>>> print(open('start.txt').read())   # compact mmCIF, C-alpha atoms
# COMPACT_ATOMS: atom_id res chain seq x y z
CA MET A 121 -43.94 -106.21 -18.04
CA VAL A 122 -46.35 -104.23 -20.25
CA SER A 123 -49.68 -105.81 -21.15
CA ALA A 124 -50.49 -106.68 -24.74
CA VAL A 125 -53.82 -104.86 -24.35
CA SER A 126 -54.61 -101.64 -22.53
CA LEU A 127 -57.47 -101.54 -20.02
CA ASP A 128 -59.33 -98.61 -18.55
CA ILE A 129 -59.10 -99.08 -14.77
CA ILE A 130 -60.85 -97.18 -11.98
CA ILE A 131 -59.39 -97.49 -8.49
CA VAL A 132 -61.67 -96.22 -5.74
CA GLY A 133 -59.60 -94.89 -2.85
CA ALA A 134 -56.23 -93.14 -2.84
CA GLY A 135 -54.74 -94.62 0.30
CA LEU A 136 -51.46 -96.52 0.28
CA GLY A 137 -53.06 -99.60 -1.29
CA GLY A 138 -54.95 -97.71 -3.99
CA LEU A 139 -51.88 -95.67 -4.90
CA SER A 140 -49.75 -98.82 -5.10
CA ALA A 141 -52.27 -100.51 -7.37
CA ALA A 142 -52.34 -97.38 -9.56
CA ILE A 143 -48.55 -97.33 -9.89
CA ALA A 144 -48.35 -101.03 -10.71
CA ALA A 145 -51.23 -100.95 -13.20
CA ARG A 146 -49.82 -97.87 -14.94
CA LEU A 147 -46.40 -99.51 -15.21
CA ALA A 148 -48.22 -102.45 -16.80
CA GLY A 149 -49.45 -100.14 -19.57
CA HIS A 150 -53.05 -99.51 -18.46
CA ASN A 151 -55.02 -96.28 -18.21
CA VAL A 152 -55.75 -95.58 -14.56
CA ARG A 153 -58.16 -93.22 -12.84
CA LEU A 154 -57.99 -92.82 -9.07
CA VAL A 155 -61.33 -91.79 -7.58
CA GLU A 156 -60.93 -90.17 -4.15
CA GLN A 157 -63.61 -88.54 -2.01
CA ALA A 158 -61.20 -86.16 -0.24
CA HIS A 159 -60.82 -82.58 -1.46
CA HIS A 160 -57.05 -82.95 -1.61
CA LEU A 161 -54.54 -85.78 -1.42
CA GLY A 162 -52.83 -86.02 1.93
CA GLU A 163 -52.44 -88.29 4.93
CA VAL A 164 -52.83 -87.64 8.61
CA GLY A 165 -51.49 -89.73 11.46
CA ALA A 166 -47.95 -90.34 12.55
CA GLY A 167 -45.34 -93.02 12.00
CA ILE A 168 -45.70 -96.22 10.02
CA GLN A 169 -43.40 -99.22 9.79
CA VAL A 170 -42.32 -100.38 6.34
CA PRO A 171 -40.91 -103.94 6.43
CA PRO A 172 -38.70 -105.34 3.67
CA ASN A 173 -41.55 -107.12 1.93
CA ALA A 174 -42.92 -103.62 1.19
CA SER A 175 -39.69 -101.64 0.77
CA ARG A 176 -38.58 -104.24 -1.81
CA ILE A 177 -41.58 -103.24 -3.93
CA LEU A 178 -40.65 -99.57 -3.70
CA GLY A 179 -37.18 -100.47 -4.96
CA HIS A 180 -38.66 -102.35 -7.91
CA TRP A 181 -40.60 -99.20 -8.81
CA GLY A 182 -37.45 -97.06 -8.65
CA LEU A 183 -38.48 -95.25 -5.47
CA SER A 184 -35.76 -96.43 -3.06
CA ASP A 185 -33.65 -93.27 -3.13
CA ALA A 186 -36.61 -90.97 -2.51
CA PHE A 187 -37.92 -93.28 0.21
CA ASN A 188 -34.56 -93.55 1.97
CA ARG A 189 -34.40 -89.76 2.19
CA VAL A 190 -37.55 -89.60 4.33
CA SER A 191 -37.24 -92.84 6.34
CA VAL A 192 -35.19 -94.16 9.26
CA SER A 193 -33.96 -97.76 9.66
CA PRO A 194 -34.18 -99.07 13.24
CA HIS A 195 -31.11 -101.05 14.27
CA ALA A 196 -33.09 -103.58 16.29
CA LEU A 197 -36.48 -104.45 17.71
CA ARG A 198 -36.59 -104.61 21.50
CA LEU A 199 -39.34 -106.07 23.66
CA ARG A 200 -39.35 -104.44 27.10
CA ARG A 201 -41.04 -105.05 30.43
CA TYR A 202 -43.59 -102.35 31.06
CA SER A 203 -42.69 -101.46 34.65
CA ASP A 204 -38.97 -100.75 34.31
CA GLY A 205 -38.14 -101.00 30.60
CA GLN A 206 -35.99 -104.11 31.02
CA ILE A 207 -35.12 -105.56 27.59
CA ILE A 208 -36.36 -109.14 27.60
CA SER A 209 -35.90 -109.92 23.90
CA GLU A 210 -34.04 -108.28 21.04
CA GLN A 211 -33.94 -108.92 17.30
CA PRO A 212 -31.19 -107.12 15.33
CA PHE A 213 -32.40 -105.46 12.11
CA VAL A 214 -29.29 -103.63 10.84
CA PRO A 215 -27.57 -105.00 8.82
CA MET A 216 -29.39 -108.34 9.07
CA VAL A 217 -32.60 -107.37 7.28
CA GLN A 218 -30.88 -105.79 4.28
CA ASP A 219 -28.32 -108.60 4.05
CA THR A 220 -30.91 -111.37 4.35
CA TYR A 221 -33.89 -109.96 2.45
CA GLY A 222 -32.28 -107.48 0.07
CA ALA A 223 -34.36 -104.56 1.32
CA PRO A 224 -34.45 -102.50 4.52
CA TYR A 225 -36.84 -102.32 7.46
CA CYS A 226 -37.83 -98.65 7.81
CA ASN A 227 -39.91 -96.23 9.83
CA VAL A 228 -41.46 -93.26 8.05
CA HIS A 229 -44.12 -90.63 8.63
CA ARG A 230 -47.30 -91.77 6.95
CA ALA A 231 -47.65 -88.44 5.13
CA ASP A 232 -44.16 -88.76 3.63
CA TYR A 233 -44.92 -92.30 2.48
CA HIS A 234 -48.23 -91.25 0.97
CA ASN A 235 -46.71 -88.22 -0.79
CA LEU A 236 -44.01 -90.42 -2.32
CA LEU A 237 -46.63 -92.67 -3.90
CA VAL A 238 -48.79 -89.72 -4.98
CA ASP A 239 -45.81 -88.14 -6.75
CA SER A 240 -45.06 -91.42 -8.50
CA CYS A 241 -48.67 -91.75 -9.67
CA ARG A 242 -48.65 -88.25 -11.10
CA SER A 243 -45.31 -88.72 -12.84
CA LEU A 244 -46.65 -91.90 -14.46
CA GLY A 245 -49.76 -90.16 -15.78
CA VAL A 246 -52.39 -91.56 -13.41
CA THR A 247 -55.56 -89.42 -13.53
CA VAL A 248 -56.62 -88.37 -10.02
CA LEU A 249 -60.24 -87.36 -9.49
CA LEU A 250 -60.63 -85.57 -6.14
CA ASP A 251 -63.83 -84.63 -4.31
CA SER A 252 -65.37 -87.65 -6.02
CA HIS A 253 -67.51 -89.55 -3.55
CA VAL A 254 -68.86 -92.86 -4.86
CA GLN A 255 -72.57 -93.21 -4.18
CA THR A 256 -73.08 -96.61 -5.76
CA ALA A 257 -71.56 -98.98 -8.30
CA ASP A 258 -72.57 -101.54 -10.88
CA LEU A 259 -70.00 -104.28 -10.45
CA SER A 260 -71.08 -106.08 -13.63
CA ALA A 261 -70.89 -103.15 -16.03
CA PRO A 262 -68.58 -102.12 -14.33
CA SER A 263 -69.22 -98.50 -13.35
CA VAL A 264 -69.31 -96.17 -10.38
CA THR A 265 -71.79 -93.35 -9.85
CA LEU A 266 -70.70 -90.33 -7.87
CA PHE A 267 -72.84 -88.22 -5.55
CA ASN A 268 -72.93 -85.49 -8.20
CA GLY A 269 -74.66 -87.91 -10.58
CA THR A 270 -71.66 -88.59 -12.81
CA THR A 271 -71.26 -92.23 -13.89
CA LEU A 272 -67.77 -93.46 -14.72
CA THR A 273 -67.28 -96.69 -16.66
CA ALA A 274 -64.18 -98.86 -17.05
CA ASP A 275 -62.98 -102.35 -17.92
CA LEU A 276 -62.00 -103.00 -14.31
CA ILE A 277 -62.89 -101.40 -10.97
CA VAL A 278 -60.72 -101.93 -7.89
CA GLY A 279 -62.27 -101.27 -4.49
CA ALA A 280 -59.52 -99.81 -2.32
CA ASP A 281 -61.94 -97.78 -0.20
CA GLY A 282 -60.68 -98.95 3.16
CA LEU A 283 -62.00 -100.35 6.42
CA LYS A 284 -65.54 -99.02 5.95
CA SER A 285 -65.67 -100.01 2.29
CA LYS A 286 -68.96 -99.27 0.53
CA LEU A 287 -67.89 -101.45 -2.38
CA ARG A 288 -67.31 -104.43 -0.08
CA ALA A 289 -70.95 -104.27 0.98
CA LEU A 290 -72.05 -104.14 -2.66
CA LEU A 291 -69.88 -107.16 -3.51
CA LEU A 292 -71.26 -109.19 -0.60
CA ASN A 293 -74.80 -107.85 -1.10
CA ARG A 294 -75.13 -107.28 2.64
CA PRO A 295 -73.98 -104.80 5.27
CA SER A 296 -70.32 -105.32 6.10
CA PRO A 297 -69.25 -103.05 8.96
CA PRO A 298 -65.78 -103.28 10.55
CA TYR A 299 -65.36 -105.23 13.77
CA LEU A 300 -64.32 -103.97 17.18
CA THR A 301 -61.04 -105.36 18.50
CA GLY A 302 -61.37 -104.03 22.06
CA ASP A 303 -58.36 -101.73 21.60
CA LEU A 304 -57.65 -98.16 20.58
CA ALA A 305 -54.41 -96.33 19.79
CA TYR A 306 -53.09 -93.01 21.06
CA ARG A 307 -50.65 -91.53 18.54
CA ILE A 308 -48.04 -89.03 19.69
CA LEU A 309 -45.14 -87.17 18.06
CA ILE A 310 -42.55 -85.35 20.17
CA SER A 311 -39.30 -83.57 19.42
CA ALA A 312 -36.25 -85.81 19.80
CA SER A 313 -34.21 -82.71 20.70
CA LEU A 314 -36.23 -82.37 23.90
CA MET A 315 -35.46 -85.98 24.76
CA ARG A 316 -31.73 -85.46 24.25
CA LYS A 317 -31.77 -82.77 26.95
CA ASP A 318 -32.96 -85.32 29.52
CA PRO A 319 -30.33 -87.89 30.65
CA ASP A 320 -33.07 -90.47 31.23
CA LEU A 321 -34.43 -90.12 27.68
CA ALA A 322 -31.27 -89.38 25.69
CA GLU A 323 -30.52 -93.06 25.05
CA LEU A 324 -33.93 -93.57 23.39
CA ALA A 325 -33.19 -90.72 20.98
CA ALA A 326 -29.58 -91.70 20.25
CA THR A 327 -29.58 -94.80 18.02
CA PRO A 328 -32.75 -95.66 16.03
CA MET A 329 -34.47 -98.60 17.70
CA LEU A 330 -37.94 -100.09 17.59
CA ASN A 331 -38.95 -100.28 21.26
CA ILE A 332 -42.06 -102.14 22.44
CA TRP A 333 -43.08 -102.00 26.11
CA MET A 334 -45.44 -104.91 26.94
CA GLY A 335 -47.80 -104.56 29.89
CA PRO A 336 -51.21 -105.37 31.37
CA ARG A 337 -53.90 -104.81 28.71
CA ALA A 338 -51.66 -102.47 26.72
CA HIS A 339 -48.37 -101.95 24.93
CA ALA A 340 -46.33 -98.99 23.67
CA VAL A 341 -44.44 -98.83 20.36
CA CYS A 342 -41.80 -96.11 19.97
CA TYR A 343 -39.31 -95.20 17.24
CA LEU A 344 -37.54 -92.29 15.57
CA LEU A 345 -38.74 -90.51 12.43
CA LYS A 346 -37.79 -87.57 10.23
CA GLY A 347 -34.03 -88.01 10.21
CA ALA A 348 -34.13 -89.02 13.90
CA GLN A 349 -35.57 -85.59 14.80
CA VAL A 350 -39.04 -86.80 15.82
CA TYR A 351 -40.00 -89.56 18.26
CA ASN A 352 -43.13 -91.50 17.38
CA ILE A 353 -45.18 -93.08 20.17
CA VAL A 354 -48.17 -95.38 19.71
CA LEU A 355 -49.99 -96.52 22.84
CA CYS A 356 -52.39 -99.42 22.30
CA CYS A 357 -54.88 -99.66 25.16
CA PRO A 358 -58.39 -100.85 25.98
CA ASP A 359 -61.06 -99.13 23.91
CA ASN A 360 -62.88 -96.54 26.03
CA LEU A 361 -64.52 -94.57 23.22
CA PRO A 362 -68.31 -94.17 23.05
CA GLU A 363 -70.03 -96.60 20.70
CA ASP A 364 -70.64 -94.02 17.96
CA VAL A 365 -67.21 -92.32 18.16
CA ASN A 366 -64.06 -93.62 16.45
CA ILE A 367 -61.67 -90.68 16.96
CA ALA A 368 -61.53 -88.32 19.93
CA PRO A 369 -59.05 -86.21 21.92
CA ALA A 370 -57.59 -87.78 25.05
CA ALA A 371 -58.96 -86.28 28.25
CA PRO A 372 -56.55 -84.37 30.51
CA GLY A 373 -54.68 -86.82 32.72
CA GLU A 374 -56.08 -89.86 30.90
CA LEU A 375 -52.72 -91.22 29.76
CA GLU A 376 -50.89 -90.30 32.95
CA SER A 377 -53.45 -92.22 34.96
CA PHE A 378 -53.37 -95.37 32.84
CA PHE A 379 -49.56 -95.51 32.62
CA SER A 380 -48.81 -94.44 36.20
CA SER A 381 -47.16 -97.81 37.00
CA TRP A 382 -45.13 -98.02 33.77
CA ASP A 383 -41.46 -97.30 33.07
CA PRO A 384 -40.62 -93.80 34.40
CA ARG A 385 -39.04 -93.00 31.02
CA LEU A 386 -42.34 -93.65 29.28
CA GLN A 387 -44.05 -91.38 31.80
CA LYS A 388 -41.51 -88.66 31.02
CA LEU A 389 -42.27 -89.04 27.32
CA LEU A 390 -45.97 -88.60 28.03
CA ALA A 391 -45.19 -85.43 29.94
CA LEU A 392 -43.67 -84.01 26.74
CA SER A 393 -46.78 -84.74 24.67
CA HIS A 394 -49.58 -82.32 23.85
CA ASP A 395 -52.98 -82.49 22.14
CA VAL A 396 -53.10 -86.28 21.98
CA SER A 397 -55.91 -88.02 20.09
CA LYS A 398 -57.05 -91.62 20.12
CA TRP A 399 -58.27 -93.85 17.29
CA ARG A 400 -60.45 -96.94 17.66
CA LEU A 401 -58.72 -100.05 16.26
CA GLN A 402 -61.01 -102.17 14.10
CA ASN A 403 -60.46 -105.06 11.73
CA SER A 404 -62.33 -107.27 9.29
CA ARG A 405 -63.32 -110.92 9.01
CA GLN A 406 -62.47 -113.37 6.26
CA LEU A 407 -64.57 -112.78 3.16
CA GLU A 408 -65.99 -115.48 0.95
CA THR A 409 -64.38 -113.81 -2.05
CA TRP A 410 -62.74 -110.55 -3.12
CA VAL A 411 -63.78 -110.86 -6.76
CA HIS A 412 -67.18 -110.23 -8.36
CA HIS A 413 -68.56 -113.01 -10.55
CA SER A 414 -68.49 -110.66 -13.56
CA GLY A 415 -64.69 -110.78 -13.48
CA LYS A 416 -64.56 -106.98 -13.64
CA PHE A 417 -64.26 -105.99 -9.98
CA THR A 418 -62.04 -106.83 -7.03
CA LEU A 419 -61.26 -105.55 -3.56
CA LEU A 420 -57.80 -104.60 -2.31
CA GLY A 421 -56.14 -103.61 0.97
CA ASP A 422 -58.12 -102.76 4.11
CA SER A 423 -61.39 -103.15 2.22
CA CYS A 424 -60.86 -106.94 2.35
CA HIS A 425 -58.28 -107.61 5.11
CA ALA A 426 -58.10 -104.82 7.68
CA THR A 427 -55.91 -105.87 10.58
CA LEU A 428 -54.67 -104.82 13.99
CA PRO A 429 -51.25 -103.17 13.65
CA TYR A 430 -49.57 -105.64 16.01
CA LEU A 431 -47.34 -107.21 13.35
CA ALA A 432 -46.84 -103.83 11.62
CA GLN A 433 -47.97 -105.36 8.31
CA GLY A 434 -51.31 -103.74 7.46
CA ALA A 435 -50.00 -101.18 4.98
CA ALA A 436 -47.44 -103.66 3.66
CA MET A 437 -50.21 -106.11 2.78
CA ALA A 438 -52.02 -103.38 0.83
CA VAL A 439 -48.84 -102.47 -1.06
CA GLU A 440 -48.25 -106.16 -1.82
CA ASP A 441 -51.82 -106.41 -3.11
CA GLY A 442 -51.24 -103.50 -5.46
CA ALA A 443 -47.95 -104.90 -6.73
CA VAL A 444 -49.40 -108.37 -7.36
CA LEU A 445 -52.55 -107.11 -9.05
CA GLY A 446 -50.59 -104.72 -11.26
CA GLY A 447 -48.00 -107.36 -12.05
CA LEU A 448 -50.68 -109.80 -13.18
CA LEU A 449 -52.36 -107.11 -15.26
CA GLY A 450 -49.02 -106.74 -17.03
CA LYS A 451 -49.35 -110.38 -18.16
CA LEU A 452 -52.73 -109.79 -19.81
CA GLN A 453 -52.75 -110.93 -23.45
CA ARG A 454 -56.43 -110.35 -24.26
CA LYS A 455 -59.34 -108.77 -22.39
CA GLU A 456 -61.12 -112.09 -22.00
CA GLN A 457 -58.43 -113.13 -19.52
CA LEU A 458 -59.33 -110.40 -17.03
CA GLY A 459 -61.60 -112.61 -14.92
CA ASP A 460 -58.86 -115.22 -14.73
CA ILE A 461 -56.34 -112.54 -13.73
CA LEU A 462 -58.54 -111.48 -10.81
CA LYS A 463 -58.95 -115.07 -9.60
CA ILE A 464 -55.19 -115.61 -9.74
CA TYR A 465 -54.73 -112.37 -7.79
CA GLU A 466 -57.16 -113.54 -5.12
CA SER A 467 -55.58 -116.98 -4.88
CA LEU A 468 -52.10 -115.48 -4.50
CA ARG A 469 -53.13 -112.93 -1.87
CA LYS A 470 -56.14 -114.02 0.17
CA ALA A 471 -54.64 -116.73 2.39
CA ARG A 472 -51.48 -114.73 3.09
CA THR A 473 -53.40 -111.67 4.23
CA GLU A 474 -55.77 -113.76 6.33
CA ARG A 475 -52.79 -115.31 8.07
CA VAL A 476 -51.41 -111.85 8.86
CA VAL A 477 -54.77 -110.72 10.26
CA GLU A 478 -54.92 -113.81 12.49
CA GLY A 479 -51.31 -113.44 13.59
CA SER A 480 -51.79 -109.76 14.44
CA THR A 481 -54.83 -110.57 16.56
CA HIS A 482 -52.81 -113.24 18.39
CA GLN A 483 -50.13 -110.66 19.26
CA GLN A 484 -52.77 -108.76 21.21
CA ASP A 485 -52.73 -111.63 23.71
CA VAL A 486 -48.93 -111.87 23.72
CA PHE A 487 -48.34 -108.16 24.31
CA HIS A 488 -51.16 -107.51 26.81
CA LEU A 489 -50.73 -110.22 29.44
CA GLU A 490 -51.62 -109.21 32.98
CA ASP A 491 -48.91 -109.76 35.58
CA GLY A 492 -49.10 -113.37 36.69
CA GLU A 493 -48.17 -116.92 35.76
CA LYS A 494 -48.69 -116.60 31.99
CA GLN A 495 -46.75 -113.34 31.89
CA ARG A 496 -43.86 -114.87 33.85
CA GLU A 497 -43.78 -117.88 31.52
CA ARG A 498 -43.73 -115.60 28.48
CA ASP A 499 -40.88 -113.52 29.88
CA GLU A 500 -38.90 -116.59 30.91
CA VAL A 501 -39.15 -117.99 27.38
CA LEU A 502 -38.07 -114.65 25.91
CA LEU A 503 -35.11 -114.29 28.26
CA LYS A 504 -33.89 -117.84 27.59
CA ASP A 505 -33.96 -116.97 23.88
CA GLU A 506 -34.39 -120.59 22.77
CA VAL A 507 -36.27 -119.80 19.58
CA LYS A 508 -38.77 -122.44 18.51
CA PRO A 509 -42.39 -122.65 17.33
CA GLY A 510 -44.58 -120.47 19.52
CA PHE A 511 -41.75 -118.08 20.42
CA PRO A 512 -43.43 -114.85 21.59
CA ASN A 513 -41.07 -112.51 19.72
CA ARG A 514 -42.37 -113.23 16.22
CA TRP A 515 -39.63 -111.16 14.56
CA ARG A 516 -36.99 -113.44 16.09
CA ASP A 517 -38.52 -116.64 14.70
CA ASP A 518 -36.50 -117.33 11.53
CA GLU A 519 -39.19 -119.44 9.88
CA PHE A 520 -41.97 -116.94 10.46
CA ARG A 521 -39.77 -113.93 9.66
CA ASP A 522 -38.65 -115.50 6.39
CA TRP A 523 -42.27 -116.11 5.40
CA LEU A 524 -43.23 -112.55 6.33
CA PHE A 525 -40.21 -110.54 5.17
CA GLY A 526 -39.02 -112.78 2.34
CA TYR A 527 -42.19 -112.49 0.26
CA ASP A 528 -41.40 -111.23 -3.23
CA ALA A 529 -44.58 -109.99 -4.90
CA PHE A 530 -43.04 -110.07 -8.37
CA GLU A 531 -41.79 -113.64 -8.03
CA GLU A 532 -45.27 -114.68 -6.87
CA VAL A 533 -46.77 -113.06 -9.96
CA ASP A 534 -44.39 -114.97 -12.25
CA LYS A 535 -45.07 -118.26 -10.47
CA GLY A 536 -48.81 -117.72 -10.49
CA TRP A 537 -48.89 -116.83 -14.15
CA ALA A 538 -46.67 -119.79 -15.07
CA ARG A 539 -48.96 -122.18 -13.27
CA TYR A 540 -52.00 -120.68 -14.94
CA ASN A 541 -50.44 -121.20 -18.38
CA ARG A 542 -49.30 -124.69 -17.46
CA GLU A 543 -52.46 -126.00 -15.82
CA GLY A 544 -55.18 -123.61 -16.95
CA ARG A 545 -56.73 -123.41 -13.48
CA PHE A 546 -56.29 -121.78 -10.11
CA TRP A 547 -55.40 -122.97 -6.62
CA ARG A 548 -58.01 -124.81 -4.65
CA LYS A 549 -58.49 -123.50 -1.12
CA GLU A 550 -56.96 -126.54 0.47
CA GLU A 551 -53.73 -126.26 -1.50
CA VAL A 552 -50.63 -124.70 0.00
CA THR A 553 -48.67 -122.03 -1.87
CA ALA A 554 -45.77 -119.79 -0.97
CA GLY A 555 -48.26 -117.08 -0.07
CA CYS A 556 -50.51 -119.28 2.04
CA ALA A 557 -48.42 -121.64 4.12
CA PRO A 558 -50.04 -123.59 6.96
CA THR A 559 -51.83 -121.09 9.19
CA LYS A 560 -51.18 -122.71 12.56
CA ARG A 561 -48.47 -124.63 14.33
CA GLU A 562 -47.89 -126.01 17.77
CA GLY A 563 -45.32 -125.11 20.34
CA ARG A 564 -44.85 -124.51 24.02
CA VAL A 565 -44.58 -121.35 26.06
CA GLY A 566 -43.31 -122.51 29.41
CA SER A 567 -45.40 -125.51 30.41
CA VAL A 568 -48.36 -124.46 28.32
CA LYS A 569 -48.99 -125.99 24.91
CA VAL A 570 -50.05 -123.34 22.40
CA VAL A 571 -51.39 -123.43 18.87
CA THR A 572 -50.67 -120.05 17.35
CA PRO A 573 -51.31 -118.38 14.02
CA LEU A 574 -48.03 -117.90 12.19
>>> encode(input="start.txt", output="structure tokens")
Amino acid sequence: MVSAVSLDIIIVGAGLGGLSAAIAARLAGHNVRLVEQAHHLGEVGAGIQVPPNASRILGHWGLSDAFNRVSVSPHALRLRRYSDGQIISEQPFVPMVQDTYGAPYCNVHRADYHNLLVDSCRSLGVTVLLDSHVQTADLSAPSVTLFNGTTLTADLIVGADGLKSKLRALLLNRPSPPYLTGDLAYRILISASLMRKDPDLAELAATPMLNIWMGPRAHAVCYLLKGAQVYNIVLCCPDNLPEDVNIAPAAPGELESFFSSWDPRLQKLLALSHDVSKWRLQNSRQLETWVHHSGKFTLLGDSCHATLPYLAQGAAMAVEDGAVLGGLLGKLQRKEQLGDILKIYESLRKARTERVVEGSTHQQDVFHLEDGEKQRERDEVLLKDEVKPGFPNRWRDDEFRDWLFGYDAFEEVDKGWARYNREGRFWRKEEVTAGCAPTKREGRVGSVKVVTPL
């Protein structure tokens, strides 16, 4: 839907969330400038998981064909025991996800995903300002001032400047650093052709699967990328980085030592890896608000809800944010409604993203159990496969999976806008909406009663 009025919008940060917001706002008929501090647009890293709640949005924007060309759909998610690789729980994805949710579950290289959104922004006429580092901002004007002294003004500024957001601190009027989670991630890419030469590894490189080895204080996530020609490995382990260092190369023998008691196949994969780096995993806490009282500024993505990657939903939440914000901006009938639009956006998105952050943090405990009674109870529940509240494989829980995967950003926009027109107000915090269902529920894992974030 195209807005009745055209706004000038500045989006600070050209990550996946900022690019998504730019696409959605441009499709809504607004003038968009992306302000990015990097000298050129590009992403580093390795693989990223794109669940159907995000791939559905790409389809709505006409990007499915291009995305399918660079992505791989895993046939199932498998939880494995760390020591021998025994499969203790499996959730089929193909064709179930497409059939049930109308969009695929995919794995893609982060750079390919980013480039797809960059190309879309450029084709839509989004103005991209590179090498533009924001020094400060006036959230009431609103305007941003760059380090070169240039001041840019707009009708709306969106802070999509990530985990270490400068704009978040300005909104809160206090320092707002990211929080340590106690974990870091080693990211590795290896050639699948090398795996196919080894009888022990060939099966892992044959059919696309999402494999997760769960072990003491760590877990490994592995899947195919690049037309099944590259194997992506993410190893989430205790944080051993110095306090003032967030990224560093792994020391020789560091991984081999930590994973010496793990599945021999995983050890063989590590032997094929070279020049491995590690990234500290940090997240954020719930914010009082995402929206400035002027009604001319809001946060988006990791700047307001950075999460551990343990539900593989961090990027998806940012893409959802962009789609919802842009969709609401398409409903705008006069400029005076902008403040209301931002409050509707926050009320549609805040509780859902907070629930994902909480649920991802909870998975840290599920995946990283030390060998012992709790681990044996977890594995017994998984092997029995009697799915009920508290089931450790969250992707196998129909109720939770439907809430996570079934979210339709565009339907939420329509419902939110309809309620606004009908009632002329927004949701109170205590109210339950489709995007913010109850955040906890009870169940049992073995003989232990648990209350877990959904």
>>> residues_around(input="start.txt", residues="His425 of chain A", least_positions_apart="2", cutoff="8 Å", atoms="all atoms listed in the file", output="list in words")
Asn403, Ser404, Arg405, Gln406, Gly421, Asp422, Ser423, Thr427, Thr473, Glu474 and Val477 of chain A
>>> residues_near_point(input="start.txt", point="(-51.6, -86.4, 2.4)", cutoff="9 Å", atoms="only C-alpha atoms", output="mmCIF file with C-alpha atoms, in the frame of the given file")
data_model
loop_
_atom_site.group_PDB
_atom_site.id
_atom_site.type_symbol
_atom_site.label_atom_id
_atom_site.label_comp_id
_atom_site.auth_asym_id
_atom_site.auth_seq_id
_atom_site.Cartn_x
_atom_site.Cartn_y
_atom_site.Cartn_z
ATOM 1 C CA HIS A 160 -57.050 -82.950 -1.610
ATOM 2 C CA LEU A 161 -54.540 -85.780 -1.420
ATOM 3 C CA GLY A 162 -52.830 -86.020 1.930
ATOM 4 C CA GLU A 163 -52.440 -88.290 4.930
ATOM 5 C CA VAL A 164 -52.830 -87.640 8.610
ATOM 6 C CA ARG A 230 -47.300 -91.770 6.950
ATOM 7 C CA ALA A 231 -47.650 -88.440 5.130
ATOM 8 C CA ASP A 232 -44.160 -88.760 3.630
ATOM 9 C CA TYR A 233 -44.920 -92.300 2.480
ATOM 10 C CA HIS A 234 -48.230 -91.250 0.970
ATOM 11 C CA ASN A 235 -46.710 -88.220 -0.790
ATOM 12 C CA VAL A 238 -48.790 -89.720 -4.980
#
>>> atom_distance(input="start.txt", atom1="atom CA of Asn188 of chain A", atom2="atom CA of Ile332 of chain A")
23.4 Å
>>> closest_residue(input="start.txt", among="A:Ile129, A:Val444, A:Arg198, A:Ser296", to="Tyr343 of chain A", atoms="only C-alpha atoms")
A:Arg198
>>> residues_near_point(input="start.txt", point="(-47.9, -105.4, -18.6)", cutoff="10 Å", atoms="only C-alpha atoms", output="CSV table (one decimal) with C-alpha atoms, in the coordinates of the input")
chain,number,residue,atom,x,y,z
A,121,MET,CA,-43.9,-106.2,-18.0
A,122,VAL,CA,-46.4,-104.2,-20.2
A,123,SER,CA,-49.7,-105.8,-21.2
A,124,ALA,CA,-50.5,-106.7,-24.7
A,125,VAL,CA,-53.8,-104.9,-24.4
A,126,SER,CA,-54.6,-101.6,-22.5
A,144,ALA,CA,-48.4,-101.0,-10.7
A,145,ALA,CA,-51.2,-101.0,-13.2
A,146,ARG,CA,-49.8,-97.9,-14.9
A,147,LEU,CA,-46.4,-99.5,-15.2
A,148,ALA,CA,-48.2,-102.4,-16.8
A,149,GLY,CA,-49.4,-100.1,-19.6
A,150,HIS,CA,-53.0,-99.5,-18.5
A,446,GLY,CA,-50.6,-104.7,-11.3
A,447,GLY,CA,-48.0,-107.4,-12.0
A,448,LEU,CA,-50.7,-109.8,-13.2
A,449,LEU,CA,-52.4,-107.1,-15.3
A,450,GLY,CA,-49.0,-106.7,-17.0
A,451,LYS,CA,-49.4,-110.4,-18.2
A,452,LEU,CA,-52.7,-109.8,-19.8
A,453,GLN,CA,-52.8,-110.9,-23.4
>>> atom_distance(input="start.txt", atom1="atom CA of Gly167 of chain A", atom2="atom CA of Val228 of chain A")
5.5 Å
>>> closest_residue(input="start.txt", among="A:Glu440, A:Asp383, A:Asp318, A:Asp518", to="Ala340 of chain A", atoms="all atoms listed in the file")
A:Asp383
>>> closest_residue(input="start.txt", among="A:Val533, A:Val217, A:Leu291, A:Leu309", to="Arg521 of chain A", atoms="all atoms listed in the file")
A:Val217
>>> closest_residue(input="start.txt", among="A:Ala370, A:Ile143, A:Leu445, A:Ile353", to="Ser243 of chain A", atoms="all atoms listed in the file")
A:Ile143
